[in-house]
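**Q** Here you go, this is query.pdb (PDB, C-alpha atoms and all ligand atoms).
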```pdb
MODEL        1
ATOM      1  CA  MET H1318      40.584 -66.847 -32.619
ATOM      2  CA  ALA H1319      37.722 -64.962 -34.244
ATOM      3  CA  VAL H1320      37.649 -61.856 -32.072
ATOM      4  CA  SER H1321      39.323 -60.980 -28.784
ATOM      5  CA  TYR H1322      37.367 -59.141 -26.121
ATOM      6  CA  LYS H1323      40.358 -56.877 -25.617
ATOM      7  CA  GLU H1324      39.963 -55.476 -29.128
ATOM      8  CA  ILE H1325      36.423 -54.380 -28.383
ATOM      9  CA  GLY H1326      37.271 -52.665 -25.105
ATOM     10  CA  LEU H1327      36.009 -55.252 -22.604
ATOM     11  CA  VAL H1328      37.902 -56.561 -19.580
ATOM     12  CA  ASN H1329      37.898 -59.901 -17.766
ATOM     13  CA  SER H1330      36.836 -60.075 -14.135
ATOM     14  CA  ARG H1331      40.170 -60.954 -12.463
ATOM     15  CA  GLU H1332      41.354 -57.500 -11.455
ATOM     16  CA  LEU H1333      37.819 -56.352 -10.591
ATOM     17  CA  PHE H1334      37.417 -59.234  -8.132
ATOM     18  CA  VAL H1335      40.757 -58.590  -6.428
ATOM     19  CA  ARG H1336      39.751 -54.970  -5.841
ATOM     20  CA  ALA H1337      36.214 -55.896  -4.764
ATOM     21  CA  ILE H1338      37.427 -58.327  -2.107
ATOM     22  CA  LYS H1339      39.950 -55.832  -0.746
ATOM     23  CA  GLY H1340      37.368 -53.047  -0.806
ATOM     24  CA  GLY H1341      34.499 -55.004   0.781
ATOM     25  CA  TYR H1342      32.014 -54.600  -2.070
ATOM     26  CA  ALA H1343      30.563 -56.709  -4.898
ATOM     27  CA  ILE H1344      30.385 -56.118  -8.653
ATOM     28  CA  PRO H1345      26.854 -56.015 -10.092
ATOM     29  CA  ALA H1346      26.093 -58.776 -12.599
ATOM     30  CA  TYR H1347      23.061 -57.688 -14.596
ATOM     31  CA  ASN H1348      21.455 -59.689 -17.408
ATOM     32  CA  PHE H1349      20.308 -58.141 -20.665
ATOM     33  CA  ASN H1350      18.035 -59.376 -23.442
ATOM     34  CA  ASN H1351      17.141 -56.136 -25.203
ATOM     35  CA  MET H1352      18.205 -52.555 -25.830
ATOM     36  CA  GLU H1353      16.307 -50.900 -22.975
ATOM     37  CA  GLN H1354      17.817 -53.245 -20.386
ATOM     38  CA  LEU H1355      21.309 -52.659 -21.714
ATOM     39  CA  GLN H1356      20.801 -48.870 -21.756
ATOM     40  CA  ALA H1357      19.510 -48.923 -18.172
ATOM     41  CA  ILE H1358      22.480 -50.974 -16.981
ATOM     42  CA  ILE H1359      25.057 -48.728 -18.644
ATOM     43  CA  MET H1360      23.359 -45.501 -17.531
ATOM     44  CA  ALA H1361      23.095 -46.741 -13.924
ATOM     45  CA  CYS H1362      26.735 -47.817 -13.816
ATOM     46  CA  VAL H1363      28.089 -44.665 -15.470
ATOM     47  CA  GLU H1364      26.022 -42.419 -13.178
ATOM     48  CA  THR H1365      27.297 -44.249 -10.090
ATOM     49  CA  ASN H1366      30.789 -44.852 -11.504
ATOM     50  CA  SER H1367      30.537 -48.607 -10.917
ATOM     51  CA  PRO H1368      32.243 -51.472 -12.747
ATOM     52  CA  VAL H1369      29.755 -53.878 -14.313
ATOM     53  CA  ILE H1370      29.375 -57.449 -15.510
ATOM     54  CA  LEU H1371      26.957 -57.716 -18.440
ATOM     55  CA  GLN H1372      25.454 -61.186 -18.449
ATOM     56  CA  VAL H1373      24.037 -63.178 -21.326
ATOM     57  CA  SER H1374      22.126 -66.351 -20.497
ATOM     58  CA  ALA H1375      21.194 -69.245 -22.768
ATOM     59  CA  GLY H1376      17.650 -67.861 -22.752
ATOM     60  CA  ALA H1377      18.907 -64.444 -23.875
ATOM     61  CA  ARG H1378      20.876 -66.037 -26.723
ATOM     62  CA  LYS H1379      17.711 -67.763 -27.895
ATOM     63  CA  TYR H1380      15.491 -64.707 -27.455
ATOM     64  CA  ALA H1381      17.673 -61.965 -28.881
ATOM     65  CA  ASN H1382      20.192 -63.809 -31.074
ATOM     66  CA  GLU H1383      23.737 -64.349 -29.867
ATOM     67  CA  THR H1384      25.390 -62.296 -32.620
ATOM     68  CA  LEU H1385      23.190 -59.325 -31.951
ATOM     69  CA  LEU H1386      23.860 -59.497 -28.194
ATOM     70  CA  ARG H1387      27.587 -59.588 -28.709
ATOM     71  CA  TYR H1388      27.491 -56.502 -30.942
ATOM     72  CA  MET H1389      25.201 -54.779 -28.447
ATOM     73  CA  ALA H1390      27.841 -55.327 -25.762
ATOM     74  CA  GLU H1391      30.467 -53.852 -28.074
ATOM     75  CA  GLY H1392      28.138 -50.896 -28.628
ATOM     76  CA  ALA H1393      27.694 -50.576 -24.859
ATOM     77  CA  VAL H1394      31.420 -49.954 -24.431
ATOM     78  CA  GLN H1395      31.196 -46.987 -26.792
ATOM     79  CA  TYR H1396      27.887 -45.847 -25.304
ATOM     80  CA  ALA H1397      29.435 -45.703 -21.801
ATOM     81  CA  LYS H1398      32.203 -43.471 -23.170
ATOM     82  CA  GLU H1399      29.642 -41.199 -24.839
ATOM     83  CA  LEU H1400      27.899 -40.857 -21.484
ATOM     84  CA  GLY H1401      31.218 -39.672 -20.100
ATOM     85  CA  GLY H1402      32.134 -42.801 -18.153
ATOM     86  CA  SER H1403      35.259 -44.903 -18.232
ATOM     87  CA  ILE H1404      33.872 -47.931 -16.417
ATOM     88  CA  PRO H1405      35.276 -51.461 -16.742
ATOM     89  CA  ILE H1406      32.777 -53.689 -18.580
ATOM     90  CA  VAL H1407      32.859 -57.498 -18.527
ATOM     91  CA  LEU H1408      30.821 -59.584 -20.986
ATOM     92  CA  HIS H1409      29.951 -62.827 -19.215
ATOM     93  CA  LEU H1410      28.150 -66.019 -20.231
ATOM     94  CA  ASP H1411      25.626 -66.864 -17.501
ATOM     95  CA  HIS H1412      25.057 -70.595 -16.823
ATOM     96  CA  GLY H1413      27.069 -72.034 -19.697
ATOM     97  CA  ASP H1414      25.982 -75.660 -19.930
ATOM     98  CA  SER H1415      28.724 -77.131 -22.129
ATOM     99  CA  TYR H1416      32.376 -76.788 -23.068
ATOM    100  CA  GLU H1417      31.343 -76.076 -26.681
ATOM    101  CA  LEU H1418      29.092 -73.161 -25.691
ATOM    102  CA  CYS H1419      31.870 -71.611 -23.580
ATOM    103  CA  VAL H1420      34.319 -71.916 -26.485
ATOM    104  CA  SER H1421      31.850 -70.358 -28.890
ATOM    105  CA  CYS H1422      31.292 -67.391 -26.568
ATOM    106  CA  ILE H1423      35.022 -66.890 -26.024
ATOM    107  CA  GLU H1424      35.564 -66.919 -29.786
ATOM    108  CA  SER H1425      32.894 -64.292 -30.283
ATOM    109  CA  GLY H1426      34.335 -61.812 -27.779
ATOM    110  CA  PHE H1427      33.147 -62.767 -24.278
ATOM    111  CA  SER H1428      35.671 -61.887 -21.581
ATOM    112  CA  SER H1429      34.281 -64.254 -18.953
ATOM    113  CA  VAL H1430      32.235 -67.472 -18.931
ATOM    114  CA  MET H1431      30.406 -69.563 -16.389
ATOM    115  CA  ILE H1432      30.494 -73.320 -16.742
ATOM    116  CA  ASP H1433      27.648 -74.621 -14.636
ATOM    117  CA  GLY H1434      28.211 -78.302 -14.002
ATOM    118  CA  SER H1435      26.635 -78.135 -10.561
ATOM    119  CA  HIS H1436      23.834 -80.553 -11.472
ATOM    120  CA  TRP H1437      26.331 -83.198 -12.670
ATOM    121  CA  PRO H1438      28.176 -85.637 -10.417
ATOM    122  CA  TYR H1439      31.127 -83.935  -8.700
ATOM    123  CA  ASP H1440      33.849 -85.570 -10.815
ATOM    124  CA  GLU H1441      32.132 -84.585 -14.063
ATOM    125  CA  ASN H1442      31.706 -81.026 -12.817
ATOM    126  CA  VAL H1443      35.443 -80.912 -12.066
ATOM    127  CA  ALA H1444      36.397 -82.413 -15.431
ATOM    128  CA  VAL H1445      34.355 -80.072 -17.612
ATOM    129  CA  ALA H1446      35.250 -76.986 -15.548
ATOM    130  CA  LYS H1447      38.946 -77.823 -15.913
ATOM    131  CA  LYS H1448      38.546 -78.276 -19.655
ATOM    132  CA  VAL H1449      36.872 -74.870 -19.981
ATOM    133  CA  VAL H1450      39.531 -73.222 -17.786
ATOM    134  CA  ASP H1451      42.354 -74.730 -19.874
ATOM    135  CA  TYR H1452      40.850 -73.241 -23.028
ATOM    136  CA  ALA H1453      39.711 -69.891 -21.560
ATOM    137  CA  HIS H1454      42.985 -69.069 -19.852
ATOM    138  CA  LYS H1455      44.831 -69.299 -23.184
ATOM    139  CA  TYR H1456      42.895 -66.167 -24.130
ATOM    140  CA  ASP H1457      42.951 -64.558 -20.682
ATOM    141  CA  VAL H1458      39.216 -65.152 -20.258
ATOM    142  CA  THR H1459      38.046 -65.729 -16.681
ATOM    143  CA  VAL H1460      35.891 -68.698 -15.643
ATOM    144  CA  GLU H1461      33.203 -69.081 -12.973
ATOM    145  CA  GLY H1462      32.338 -72.557 -11.699
ATOM    146  CA  GLU H1463      29.500 -73.650  -9.422
ATOM    147  CA  LEU H1464      29.146 -76.026  -6.505
ATOM    148  CA  GLY H1465      25.773 -76.701  -4.906
ATOM    149  CA  ILE H1466      22.402 -76.220  -6.567
ATOM    150  CA  LEU H1467      20.149 -73.175  -6.355
ATOM    151  CA  ALA H1468      16.428 -73.764  -6.179
ATOM    152  CA  GLY H1469      14.036 -71.866  -8.433
ATOM    153  CA  VAL H1470      13.649 -71.155 -12.132
ATOM    154  CA  GLU H1471      15.782 -68.890 -14.320
ATOM    155  CA  ASP H1472      15.375 -69.230 -18.066
ATOM    156  CA  GLU H1473      16.492 -72.802 -18.799
ATOM    157  CA  VAL H1474      17.930 -73.370 -15.329
ATOM    158  CA  LYS H1475      15.622 -74.937 -12.804
ATOM    159  CA  ALA H1476      15.750 -77.016  -9.649
ATOM    160  CA  ASP H1477      13.104 -77.929  -7.073
ATOM    161  CA  GLU H1478      15.221 -77.781  -3.954
ATOM    162  CA  HIS H1479      18.397 -76.231  -2.614
ATOM    163  CA  VAL H1480      21.486 -78.359  -2.392
ATOM    164  CA  TYR H1481      23.763 -76.212  -0.252
ATOM    165  CA  THR H1482      27.411 -76.027  -1.230
ATOM    166  CA  ARG H1483      29.478 -78.440   0.867
ATOM    167  CA  PRO H1484      32.367 -76.425   2.307
ATOM    168  CA  GLU H1485      34.545 -79.555   2.428
ATOM    169  CA  GLU H1486      34.478 -79.720  -1.402
ATOM    170  CA  VAL H1487      35.419 -76.154  -2.303
ATOM    171  CA  GLU H1488      39.174 -76.302  -1.857
ATOM    172  CA  ASP H1489      39.469 -79.497  -3.893
ATOM    173  CA  PHE H1490      37.228 -78.042  -6.618
ATOM    174  CA  VAL H1491      39.044 -74.749  -7.089
ATOM    175  CA  THR H1492      42.454 -76.432  -6.940
ATOM    176  CA  LYS H1493      41.618 -79.167  -9.449
ATOM    177  CA  THR H1494      39.774 -76.932 -11.916
ATOM    178  CA  GLY H1495      41.672 -73.633 -11.725
ATOM    179  CA  VAL H1496      38.425 -71.609 -11.919
ATOM    180  CA  ASP H1497      38.743 -67.896 -11.169
ATOM    181  CA  SER H1498      35.568 -67.620  -9.122
ATOM    182  CA  LEU H1499      33.026 -69.927  -7.542
ATOM    183  CA  ALA H1500      29.247 -69.627  -7.428
ATOM    184  CA  ILE H1501      27.879 -71.170  -4.248
ATOM    185  CA  ALA H1502      24.437 -72.160  -2.984
ATOM    186  CA  ILE H1503      23.665 -70.758   0.467
ATOM    187  CA  GLY H1504      19.925 -70.188   0.173
ATOM    188  CA  THR H1505      19.646 -67.611  -2.598
ATOM    189  CA  SER H1506      17.483 -68.886  -5.438
ATOM    190  CA  HIS H1507      16.356 -68.037  -8.947
ATOM    191  CA  GLY H1508      13.054 -66.281  -9.578
ATOM    192  CA  ALA H1509      10.635 -64.176  -7.499
ATOM    193  CA  TYR H1510       9.404 -66.879  -5.109
ATOM    194  CA  LYS H1511      12.406 -67.529  -2.938
ATOM    195  CA  PHE H1512      10.794 -68.216   0.429
ATOM    196  CA  LYS H1513       7.482 -69.600   1.640
ATOM    197  CA  PRO H1514       5.146 -67.047   3.241
ATOM    198  CA  GLY H1515       5.477 -67.035   7.010
ATOM    199  CA  THR H1516       9.060 -68.296   7.022
ATOM    200  CA  ASP H1517      12.050 -66.138   7.866
ATOM    201  CA  PRO H1518      13.880 -65.229   4.651
ATOM    202  CA  LYS H1519      17.488 -65.952   5.512
ATOM    203  CA  ILE H1520      20.600 -66.940   3.617
ATOM    204  CA  ARG H1521      23.133 -69.262   5.232
ATOM    205  CA  LEU H1522      25.919 -66.856   6.066
ATOM    206  CA  ASP H1523      27.365 -69.568   8.316
ATOM    207  CA  ILE H1524      28.084 -71.720   5.241
ATOM    208  CA  LEU H1525      29.665 -68.691   3.538
ATOM    209  CA  ASP H1526      31.923 -68.222   6.600
ATOM    210  CA  GLU H1527      32.932 -71.865   6.509
ATOM    211  CA  ILE H1528      33.728 -71.656   2.771
ATOM    212  CA  GLU H1529      35.825 -68.521   3.298
ATOM    213  CA  LYS H1530      37.844 -70.305   5.964
ATOM    214  CA  ARG H1531      38.668 -73.088   3.485
ATOM    215  CA  ILE H1532      39.594 -70.802   0.563
ATOM    216  CA  PRO H1533      40.502 -67.404   2.075
ATOM    217  CA  GLY H1534      40.294 -64.489  -0.347
ATOM    218  CA  PHE H1535      38.913 -66.598  -3.205
ATOM    219  CA  PRO H1536      36.233 -64.771  -5.250
ATOM    220  CA  ILE H1537      32.733 -66.006  -4.386
ATOM    221  CA  VAL H1538      29.620 -65.422  -6.506
ATOM    222  CA  LEU H1539      25.983 -65.311  -5.446
ATOM    223  CA  HIS H1540      23.267 -66.035  -7.999
ATOM    224  CA  GLY H1541      19.554 -65.483  -7.498
ATOM    225  CA  SER H1542      20.029 -62.468  -5.240
ATOM    226  CA  SER H1543      16.926 -60.439  -5.902
ATOM    227  CA  SER H1544      15.072 -58.978  -2.943
ATOM    228  CA  VAL H1545      11.629 -58.806  -4.581
ATOM    229  CA  PRO H1546      10.757 -55.263  -3.380
ATOM    230  CA  GLN H1547       7.195 -55.358  -2.078
ATOM    231  CA  ASP H1548       6.410 -51.851  -3.404
ATOM    232  CA  LEU H1549       7.020 -53.172  -6.939
ATOM    233  CA  VAL H1550       4.902 -56.284  -6.306
ATOM    234  CA  LYS H1551       2.157 -53.954  -5.051
ATOM    235  CA  ILE H1552       2.260 -51.744  -8.173
ATOM    236  CA  ILE H1553       2.115 -54.837 -10.377
ATOM    237  CA  ASN H1554      -0.837 -56.301  -8.489
ATOM    238  CA  GLU H1555      -2.692 -52.965  -8.356
ATOM    239  CA  ASN H1556      -2.417 -52.661 -12.118
ATOM    240  CA  GLY H1557      -3.794 -56.002 -13.182
ATOM    241  CA  GLY H1558      -0.914 -58.297 -12.226
ATOM    242  CA  LYS H1559      -1.092 -61.368 -10.063
ATOM    243  CA  LEU H1560       2.038 -62.131  -8.080
ATOM    244  CA  ASP H1561       1.093 -63.930  -4.889
ATOM    245  CA  ASN H1562       3.582 -64.482  -2.101
ATOM    246  CA  ALA H1563       6.646 -63.328  -4.019
ATOM    247  CA  ILE H1564       9.442 -63.085  -1.422
ATOM    248  CA  GLY H1565      13.170 -62.397  -1.920
ATOM    249  CA  ILE H1566      16.455 -62.052  -0.025
ATOM    250  CA  PRO H1567      16.558 -59.129   2.432
ATOM    251  CA  GLU H1568      18.960 -56.477   1.144
ATOM    252  CA  ASP H1569      20.834 -56.144   4.437
ATOM    253  CA  GLN H1570      21.865 -59.798   4.237
ATOM    254  CA  LEU H1571      23.260 -59.251   0.745
ATOM    255  CA  ARG H1572      25.068 -56.125   1.930
ATOM    256  CA  GLN H1573      26.679 -58.212   4.644
ATOM    257  CA  ALA H1574      27.711 -60.895   2.128
ATOM    258  CA  ALA H1575      29.161 -58.240  -0.210
ATOM    259  CA  LYS H1576      31.482 -57.068   2.570
ATOM    260  CA  SER H1577      33.135 -60.512   2.623
ATOM    261  CA  ALA H1578      34.666 -62.548  -0.216
ATOM    262  CA  VAL H1579      31.416 -62.323  -2.187
ATOM    263  CA  CYS H1580      32.535 -60.175  -5.095
ATOM    264  CA  LYS H1581      29.835 -60.763  -7.749
ATOM    265  CA  ILE H1582      26.114 -60.648  -7.084
ATOM    266  CA  ASN H1583      23.584 -61.577  -9.780
ATOM    267  CA  ILE H1584      20.332 -59.624  -9.674
ATOM    268  CA  ASP H1585      17.773 -60.255 -12.404
ATOM    269  CA  SER H1586      14.259 -60.799 -11.055
ATOM    270  CA  ASP H1587      14.138 -57.389  -9.340
ATOM    271  CA  GLY H1588      14.848 -55.747 -12.688
ATOM    272  CA  ARG H1589      12.062 -57.762 -14.314
ATOM    273  CA  LEU H1590       9.686 -56.631 -11.572
ATOM    274  CA  ALA H1591      10.688 -52.965 -11.964
ATOM    275  CA  MET H1592      10.088 -53.038 -15.727
ATOM    276  CA  THR H1593       6.807 -54.931 -15.417
ATOM    277  CA  ALA H1594       5.518 -52.534 -12.753
ATOM    278  CA  ALA H1595       6.308 -49.530 -14.968
ATOM    279  CA  VAL H1596       4.740 -51.060 -18.086
ATOM    280  CA  ARG H1597       1.584 -52.171 -16.246
ATOM    281  CA  LYS H1598       1.184 -48.712 -14.762
ATOM    282  CA  VAL H1599       1.346 -47.014 -18.166
ATOM    283  CA  PHE H1600      -1.118 -49.516 -19.653
ATOM    284  CA  ASN H1601      -3.507 -48.940 -16.769
ATOM    285  CA  ASP H1602      -3.136 -45.140 -16.517
ATOM    286  CA  LYS H1603      -3.033 -44.364 -20.241
ATOM    287  CA  PRO H1604      -4.970 -47.012 -22.156
ATOM    288  CA  GLN H1605      -4.794 -44.852 -25.293
ATOM    289  CA  GLU H1606      -0.989 -45.253 -25.590
ATOM    290  CA  PHE H1607       0.308 -47.584 -28.277
ATOM    291  CA  ASP H1608       3.829 -46.299 -28.980
ATOM    292  CA  PRO H1609       6.240 -48.857 -27.439
ATOM    293  CA  ARG H1610       8.576 -46.016 -26.477
ATOM    294  CA  LYS H1611       5.869 -44.650 -24.189
ATOM    295  CA  TYR H1612       5.941 -47.769 -21.999
ATOM    296  CA  LEU H1613       9.436 -49.132 -22.621
ATOM    297  CA  GLY H1614      10.868 -45.669 -21.844
ATOM    298  CA  PRO H1615       9.391 -45.567 -18.318
ATOM    299  CA  ALA H1616      10.384 -49.238 -17.879
ATOM    300  CA  ARG H1617      13.964 -48.350 -18.762
ATOM    301  CA  GLU H1618      13.921 -45.431 -16.304
ATOM    302  CA  ALA H1619      12.547 -47.655 -13.513
ATOM    303  CA  LEU H1620      15.201 -50.283 -14.201
ATOM    304  CA  LYS H1621      17.976 -47.693 -14.130
ATOM    305  CA  GLU H1622      16.804 -46.343 -10.763
ATOM    306  CA  LEU H1623      16.552 -49.858  -9.310
ATOM    307  CA  TYR H1624      20.065 -50.749 -10.472
ATOM    308  CA  LYS H1625      21.479 -47.506  -9.068
ATOM    309  CA  HIS H1626      19.860 -48.294  -5.733
ATOM    310  CA  LYS H1627      21.429 -51.775  -5.751
ATOM    311  CA  ILE H1628      24.867 -50.400  -6.599
ATOM    312  CA  ILE H1629      24.778 -47.726  -3.899
ATOM    313  CA  ASN H1630      22.923 -49.475  -1.073
ATOM    314  CA  VAL H1631      23.398 -53.220  -1.554
ATOM    315  CA  LEU H1632      26.578 -53.958  -3.526
ATOM    316  CA  GLY H1633      28.654 -50.970  -2.449
ATOM    317  CA  SER H1634      30.317 -50.664  -5.865
ATOM    318  CA  SER H1635      29.576 -46.985  -6.530
ATOM    319  CA  GLY H1636      32.710 -44.939  -7.163
ATOM    320  CA  LYS H1637      34.779 -48.105  -7.687
ATOM    321  CA  ALA H1638      35.106 -48.028 -11.488
TER     322      ALA H1638
HETATM  323 ZN    ZN J   1      22.005 -68.034 -11.888
ENDMDL
END
```
So that I can check it, write out the structure of this file as structure tokens.
Ligand SMILES: [Zn+2]

**A**
Amino acid sequence: MAVSYKEIGLVNSRELFVRAIKGGYAIPAYNFNNMEQLQAIIMACVETNSPVILQVSAGARKYANETLLRYMAEGAVQYAKELGGSIPIVLHLDHGDSYELCVSCIESGFSSVMIDGSHWPYDENVAVAKKVVDYAHKYDVTVEGELGILAGVEDEVKADEHVYTRPEEVEDFVTKTGVDSLAIAIGTSHGAYKFKPGTDPKIRLDILDEIEKRIPGFPIVLHGSSSVPQDLVKIINENGGKLDNAIGIPEDQLRQAAKSAVCKINIDSDGRLAMTAAVRKVFNDKPQEFDPRKYLGPAREALKELYKHKIINVLGSSGKA
């Protein structure tokens, strides 16, 4: 074992999920690829006293370097303390696509991993998830599996159409694999274009209900849960951007899901929109600026405010650290 997450002050997600289900809220799972995003996440969570799951995707590992990201997460633990917070921080691999990748992350200090075998045949998904669980649990690292396929594009992960999770499979899957949480597909999707214009943006809460009946109290995860705030889309488009027909999941539907067994909600695209809106506005308003801090600073501030709003009004995790 190279390094244990416990030595660097991280926690796994087990206890957080138990409390979230009992308390009727969800833990924010926010992705980071750079310093400003990580600062915004930690500031937002300390200021609202919320637990947090820091997520690293395959795309982030490629973009920022996996070693650097892992040390940034270690730095974030200390940074949160400096800000006066004692919030639980999980370091989670988002969309792990192989057993080897999960092992490598666990060895480098991750406290939680996702093995996403949802695009493989069911039996293969079960087999690889079980293999990851058997390894991870030796080190008290928690594992998220996935059943069903989310539409949309997120870094390396893409699919053209939804394949909703089949409730009749969930009990068999969690029993055979031993995963600690399950990501499901009920109509959330990756990216900023989640629904066609003119259609009613709705997630399938009926499927969620059915799943909860089959595995009562089991931690459920929603990916692709951005709401694509139209005020941000407007700022982007008014300042030289071109985002047509970007539509997300209404926040009240996510709030409703968070009150049930949904205990982890992944929000990424909304953060990208908030940063892009802030950067575009600076570029447009002050074309003479060329110091990156003068546009990344406002982007960081916008991201922090967005994440605080999500914690307080959508996830319900404020004050739960
Ligand atoms: Zn995802």

**Q** Do you know which residues the PyMOL selection byres (((chain H and resi 1548-1555) around 10) and not hetatm) returns on this file, as a list in words?

**A**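 In the shown coordinates, the PyMOL selection byres (((chain H and resi 1548-1555) around 10) and not hetatm) covers Ala1509, Val1545, Pro1546, Gln1547, Asn1556, Gly1557, Gly1558, Lys1559, Leu1560, Asp1561, Asn1562, Ala1563, Ile1564, Asp1587, Leu1590, Ala1591, Met1592, Thr1593, Ala1594, Ala1595, Val1596, Arg1597, Lys1598 and Asn1601 of chain H.
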
**Q** Return as a short mmCIF file (atom, residue, chain, number, x, y, z; two decimals) with C-alpha atoms, keeping the file's coordinate frame every polymer residue, whether protein, DNA or RNA, with at least one atom no more than 8 Å from an atom of ligand ZN 1 (chain J); count only C-alpha atoms and all ligand atoms.

**A**
```cif
data_model
loop_
_atom_site.label_atom_id
_atom_site.label_comp_id
_atom_site.auth_asym_id
_atom_site.auth_seq_id
_atom_site.Cartn_x
_atom_site.Cartn_y
_atom_site.Cartn_z
CA ASP H 1411 25.63 -66.86 -17.50
CA HIS H 1412 25.06 -70.60 -16.82
CA LEU H 1467 20.15 -73.18 -6.36
CA GLU H 1471 15.78 -68.89 -14.32
CA VAL H 1474 17.93 -73.37 -15.33
CA SER H 1506 17.48 -68.89 -5.44
CA HIS H 1507 16.36 -68.04 -8.95
CA HIS H 1540 23.27 -66.04 -8.00
CA GLY H 1541 19.55 -65.48 -7.50
CA ASN H 1583 23.58 -61.58 -9.78
#
```

**Q** Report as a tab-separated table: every residue of range 1481-1569 of chain H with an atom at most 7 Å from range 1424-1443 of chain H, its closest pair of atoms, and their distance in Å to one decimal, counting all atoms listed in the file, with rows sorted by chain and ascending residue number.

**A**
```
residue	atom	partner	partner_atom	distance
H:Phe1490	CA	H:Val1443	CA	6.4
H:Lys1493	CA	H:Val1443	CA	6.9
H:Thr1494	CA	H:Val1443	CA	5.9
```

**Q** Of the candidates H:Gln1570, H:Gln1356, H:Thr1516, H:Thr1482, which shows the shortest atom-to-atom distance to Lys1621 in chain H, using all atoms listed in the file?

**A**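 Selected residue with least distance to Lys1621 in chain H: H:Gln1356.
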
**Q** Under the rule that all atoms listed in the file are counted, which of H:Leu1418, H:Ile1537, H:Val1407, H:Leu1400 is the nearest residue to Thr1365 in chain H?

**A** H:Leu1400

**Q** Calculate how many Å separate CA of Val1579 in chain H from CA of Phe1535 in chain H, rounding to one decimal.

**A**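 Separating CA of Val1579 in chain H from CA of Phe1535 in chain H is a distance of 8.7 Å.
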
**Q** Have a look at CA of Ser1403 in chain H and CA of Ala1346 in chain H and let me know their distance in Å, one decimal.

**A**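 Separation of CA of Ser1403 in chain H and CA of Ala1346 in chain H: 17.6 Å.
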
**Q** Starting from the shown file, work through the PyMOL selection byres (((chain H and resi 1461) around 10) and not hetatm) and note down what comes out as a ChimeraX atom specification.

**A** /H:1330,1409-1413,1429-1433,1446,1449-1450,1459-1460,1462-1463,1495-1500,1536-1538

**Q** Given the choices H:Val1373, H:Val1470, H:Cys1362, H:Leu1571, which gets closest to Leu1620 in chain H if the distance is worked out from all atoms listed in the file?

**A**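 Closest to Leu1620 in chain H of all the choices is H:Cys1362.
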